[in-house]
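Shown next, in C-alpha cells, is the structure this report addresses.
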There are 2 protein chains.
Amino acid sequence: MPTSAVQDYLKAIYHLSRSREAAATSAIAERLRVSAGSVSGMLRRLADRGLVEHIPYYGARLTEGGEREAVRMIRRHRVLELFLVEVLGYTWDRVHEEADCLEHAASDELVDRMAAVLGEPDVDPHGAPIPAAAGAFEEERYPSLSELAAGCPAVLRRVSDEDPAALRYLAGLNLLPGAQLEVLEHAPFNGPLRVRIGGTEQVIGREISRSIMVEPLEAPAAAGGSDA
Amino acid sequence: MPTSAVQDYLKAIYHLSRSREAAATSAIAERLRVSAGSVSGMLRRLADRGLVEHIPYYGARLTEGGEREAVRMIRRHRVLELFLVEVLGYTWDRVHEEADCLEHAASDELVDRMAAVLGEPDVDPHGAPIPAAAGAFEEERYPSLSELAAGCPAVLRRVSDEDPAALRYLAGLNLLPGAQLEVLEHAPFNGPLRVRIGGTEQVIGREISRSIMVEPLEAPAAAGGSDA
DNA sequence: GGGGATTTTTAGTCTAAGCTAACATTCAAG
DNA sequence: CTTGAATGTTAGCTTAGACTAAAAATCCCC
C-alpha cells in the first residue's frame with residue numbers, strides 16, 4: 001500500500017501533467033511545498049516502484065498503475081469534499097484541506113458508502129467530476145471565463161478548489177456551478193471583465209477569471225477572449 | 001502536533017493503566033504489535049515531551065497533558081464509530097478498525113460536526129461512553145457478566161469493541177447494550193454460563209463473558225460470580 | 001556556438017519509528 | 001541468598017522522507 005507521501009506525489013503529477021506533457025520537478029516541489037531535491041529523490045523511488053516514468057532533466061509522467069492510484073485518490077478526495085458539504089454542513093471553501101487529510105485514511109469501502117449516501121454523485125462541490133469506483137476516467141476540459149467571448153452566454157461548470165478566500169469571494173457573487181453568465185466586456189491589457197451573472201452585473205479581475213471554467217452555450221470554440 | 005504513532009501509544013497507555021497502576025512495556029508492545037525495544041524507545045521520547053511519566057523497569061503512566069490527548073483520541077474514535085454505524089450503515093463489528101485509521105486524520109471540527117449530526121450522543125455502538133469535547137472524563141466501571149451473581153437481573157451496558165468475530169456472535173444472541181439479562185447458572189471450574197437474555201436462554205463461554213459489562217439491577221456489589 | 005542563468009540531480013545529514021541482539025534488572029523459587 | 005527466567009533497556013541498523021549545498025545538465029540569449 002502506498003504511503004500518503006507517495007499518494008500526494010501521484011496526485012500532484014496527475015494534476016500537473018494535465019496542463020503540460022510531463023510534470024516538472026520544480027512544479028511538483030512548489031505544489032507539495034517541498035524542496036526540489038526531495039522531489040528528485042521521490043521520483044526515483046516512484047520510478048523504481050513502477051508508478052511513474054521519469055526522464056531526468058525533463059519530467060515525470062504517470063504509468064498506468066500510477067494513474068490508477070491517482071484517480072483513486074481523486075475519487076476519494078471529491079467524494080469526501082461533497083460529503084463534508086452535504087452531510088456535515090461544511091462550506092465549500094473549507095473542504096479541500098480537510099479532504100486532503102482524510103483521503104489518506106479512508107478505506108475504499110468508506111468512500112463507496114459515502115458515495116451511496118450521496119446518491120452516487122458525479123460532481124463535487126466545485127463542479128469537478130467524480131471518477132467512478134472502477135474504470136477509466138477522463139476529465140472534460142472547459143475554457144476559462146477569461147477565454148470566453150464577450151456576448152456568448154455560458155454556464156459556470158467548475159472552479160478551482162484550492163484557495164478558500166477565492167471560493168468565499170465567488171460564493172458571495174453567486175458564481176457557483178450551474179450559474180448562467182455572460183461576459184459583457186473584456187477590458188484591454190489584461191484588465192478586468194464585466195460579467196452578467198443571472199440578472200446582475202459584476203466586475204471581476206482577470207486573474208480569478210482564469211480559475212472559473214465555463215461551458216459556452218452557443219459559440220462553438222473559444223474565440224473573442226483575450227487569453228490564449 | 002503529535003504523530004499518529006504517538007497518539008497510538010497514548011491511547012494504549014490510557015487503556016492499560018485503567019486496569020493496572022501503570023502500563024507495562026510488554027503490555028504496550030503486545031497491544032500495538034510492536035517489539036518491546038521499540039516501546040522503550042518511544043517511552044523515552046514521550047517522557048521527553050512531557051506526555052508520560054516513565055519509571056524504568058516499572059511502567060508508564062500518562063501525565064495530565066498526555067491524558068488530555070488520549071481522551072481527545074478516544075472521543076474521536078467513539079464518535080467516528082457511532083457515525084459509521086448510524087450514518088453510513090456499518091455493522092458494529094467493523095467500525096473499530098476503520099475508526100482507528102480515521103481518528104488520526106479527522107480534525108476536531110469534523111468530529112464535533114459528526115457529534116452534532118448524531119445529536120451529541122453519549123455512548124458509542126458498543127456502549128462505551130463518549131468524552132465531551134472539553135473537560136474531565138471518567139469512565140464508569142461495570143462488573144463483567146462473569147462476575148454477576150446468578151439470579152441477579154442486570155442490563156448489558158458495554159462490550160469490548162476489538163474482536164469483530166466476537167461482536168458478530170454477540171449480535172446474533174441479541175447481546176447488545178441495553179439488553180436485559182440474568183445469569184441462571186455459573187458452571188464450576190470456569191465453565192460456561194447459562195444466561196437468560198430477554199425471553200430466551202443461552203449458554204455462553206466463560207471467556208467471552210468477561211468482555212461483557214453489565215449493570216446489576218438489584219444486588220449492590222459483585223457477589224456470587226466465580227471470577228474475582 | 002559560448003556563457004551565464006535556471007533547473008535538476010546528487011551527496012550527505014536529520015528525524016521518527018521500526019527491528020534485532022546483547023546487556024541489565026527484577027522477581028520468584030529453591 | 002543465590003540463581004535462572006522473565007522482563008526491560010540499550011545499542012546499532014534500516015527505511016521513508018525531508019533538508020541543504022554542491023555539482024551537473026539544460027536553456028536561452030547574443
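Chain labels A, B, ... are given in the sequence in which chains occur in the C-alpha cells; within each chain residues are numbered consecutively from 1, and ligands are likewise numbered from 1 in the order shown.
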
Give me the residues near DA11 of chain C as a ChimeraX atom specification, where near means some atom within 12 Å (using only C-alpha atoms (C1' of nucleotides)) and where sequence neighbours in that chain fewer than 3 positions away do not count. /A:37,41 /D:20-23

Store the residues picked out above in a file with C-alpha atoms (C1' of nucleotides), as a PDB file, in the first residue's frame.
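This is the output file result.pdb:
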```pdb
ATOM      1  CA  GLY A  37      15.907  17.795  -4.049  1.00  0.00           C
ATOM      2  CA  GLY A  41      14.582  11.573  -4.593  1.00  0.00           C
TER       3      GLY A  41
ATOM      4  C1'  DT D  20      20.915  21.860   2.270  1.00  0.00           C
ATOM      5  C1'  DA D  21      24.750  22.542  -0.566  1.00  0.00           C
ATOM      6  C1'  DA D  22      27.380  21.392  -4.392  1.00  0.00           C
ATOM      7  C1'  DA D  23      27.751  19.611  -8.920  1.00  0.00           C
TER       8       DA D  23
END
```

Excluding same-chain residues fewer than 4 positions from segment 18-25 of chain B, what lies within 8 Å of it counting only C-alpha atoms (C1' of nucleotides), as a list in words? Ile13, Tyr14, Ala29, Ala36, Val39, Ser40, Tyr58, Gly59, Ala60 and Arg61 of chain B; DG8 of chain D

Using only C-alpha atoms (C1' of nucleotides), tabulate the residues of chain D lying at most 10 Å from any atom of chain B, each with its closest atom pair and that distance in Å to one decimal, by chain and increasing residue number, as a tab-separated table.
```
residue	atom	partner	partner_atom	distance
D:DT7	C1'	B:Ser26	CA	7.7
D:DG8	C1'	B:Tyr57	CA	5.5
D:DT9	C1'	B:Ser40	CA	6.7
D:DT10	C1'	B:Gly37	CA	8.7
```

Which value, in Å to one decimal, gives the distance between atom CA of Arg206 of chain A and atom CA of Leu193 of chain A?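 Going from atom CA of Arg206 of chain A over to atom CA of Leu193 of chain A, I get 6.5 Å.
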
Strand (DSSP E) positions in segment 23-202 of chain B, given as a ChimeraX atom specification: /B:52-55,59-62,153-159,180-186,193-197,200-202

Could you work out how far atom CA of Gly172 of chain A lies from atom CA of Pro125 of chain A, giving the answer in Å with one decimal? 15.3 Å

From a DSSP calculation on the backbone, collect every residue of chain B in helix (DSSP H, G or I) and output the set as a ChimeraX atom specification. /B:4-19,25-32,36-48,64-86,95-102,108-117,145-147,164-172,206-209

Near-segment 3-6 of chain D list (10 Å; only C-alpha atoms (C1' of nucleotides); drop same-chain fewer than 6 positions) as a VMD selection string: chain C and resid 26 to 30

Counting only C-alpha atoms, the option among A:Glu162, A:Glu185, A:Glu98, A:Glu201 closest to chain B: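 Smallest distance to chain B is found for A:Glu98.
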
Contact table chain A vs chain B, cut-off 12 Å, shortest pair per residue, only C-alpha atoms, as a tab-separated table:
```
residue	atom	partner	partner_atom	distance
A:Ser4	CA	B:Ala105	CA	11.4
A:Leu80	CA	B:Leu110	CA	11.7
A:Phe83	CA	B:Leu88	CA	11.2
A:Leu84	CA	B:Leu110	CA	8.5
A:Val85	CA	B:Arg113	CA	11.2
A:Glu86	CA	B:Val117	CA	11.7
A:Val87	CA	B:Val117	CA	8.4
A:Leu88	CA	B:Arg113	CA	6.1
A:Gly89	CA	B:Arg113	CA	7.9
A:Tyr90	CA	B:Arg113	CA	8.9
A:Arg94	CA	B:Glu109	CA	11.0
A:Val95	CA	B:Leu110	CA	10.3
A:Glu97	CA	B:Ser107	CA	10.2
A:Glu98	CA	B:Ser107	CA	7.4
A:Ala99	CA	B:Ala106	CA	9.2
A:Asp100	CA	B:Ala105	CA	9.3
A:Cys101	CA	B:Ala105	CA	5.6
A:Leu102	CA	B:Ala105	CA	5.4
A:Glu103	CA	B:Ala105	CA	8.7
A:His104	CA	B:Ala105	CA	8.1
A:Ala105	CA	B:Leu102	CA	5.4
A:Ala106	CA	B:Leu102	CA	6.5
A:Ser107	CA	B:Glu98	CA	7.4
A:Asp108	CA	B:Glu98	CA	10.6
A:Glu109	CA	B:Glu98	CA	9.6
A:Leu110	CA	B:Leu88	CA	7.9
A:Val111	CA	B:Leu88	CA	9.9
A:Asp112	CA	B:Leu88	CA	9.8
A:Arg113	CA	B:Leu88	CA	6.1
A:Met114	CA	B:Leu88	CA	6.8
A:Ala115	CA	B:Leu88	CA	9.9
A:Ala116	CA	B:Leu88	CA	8.9
A:Val117	CA	B:Leu88	CA	7.2
A:Leu118	CA	B:Leu88	CA	10.5
```

Should the cut-off be 12 Å, what would the residue list for chain C against chain B look like, counting only C-alpha atoms (C1' of nucleotides), as a PyMOL selection string? chain C and resi 16-22+24-27

Take atom CA of His126 of chain A and atom CA of Arg157 of chain A and report the distance between them in Å, one decimal. 8.2 Å

Using only C-alpha atoms (C1' of nucleotides), which residues sit within 6 Å of segment 74-79 of chain B once same-chain residues fewer than 2 positions away are excluded, as an MDAnalysis selection string? chainID B and resid 71:72 81:82 99 103 124 130:131

Applying 12 Å and only C-alpha atoms (C1' of nucleotides), which residues near DG4 of chain C remain after dropping the ones on its own chain fewer than 6 positions away? List them as a list in words.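 So, after excluding close chain neighbours, the residues are DC27, DC28, DC29 and DC30 of chain D.
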
Set the distance at 10 Å and use only C-alpha atoms (C1' of nucleotides): which residues neighbour Arg168 of chain B once local chain neighbours fewer than 5 positions away are removed? I'd like the list as a list in words. Thr91, Trp92, Asp93, Arg94, Asp163, Leu173, Asn174 and Leu175 of chain B

Please provide the set of residues having any atom within 10 Å of Val214 of chain A, restricted to only C-alpha atoms (C1' of nucleotides), with same-chain residues fewer than 3 positions apart removed, written as a PyMOL selection string. chain A and resi 141-148+153-159+177-182+211+217
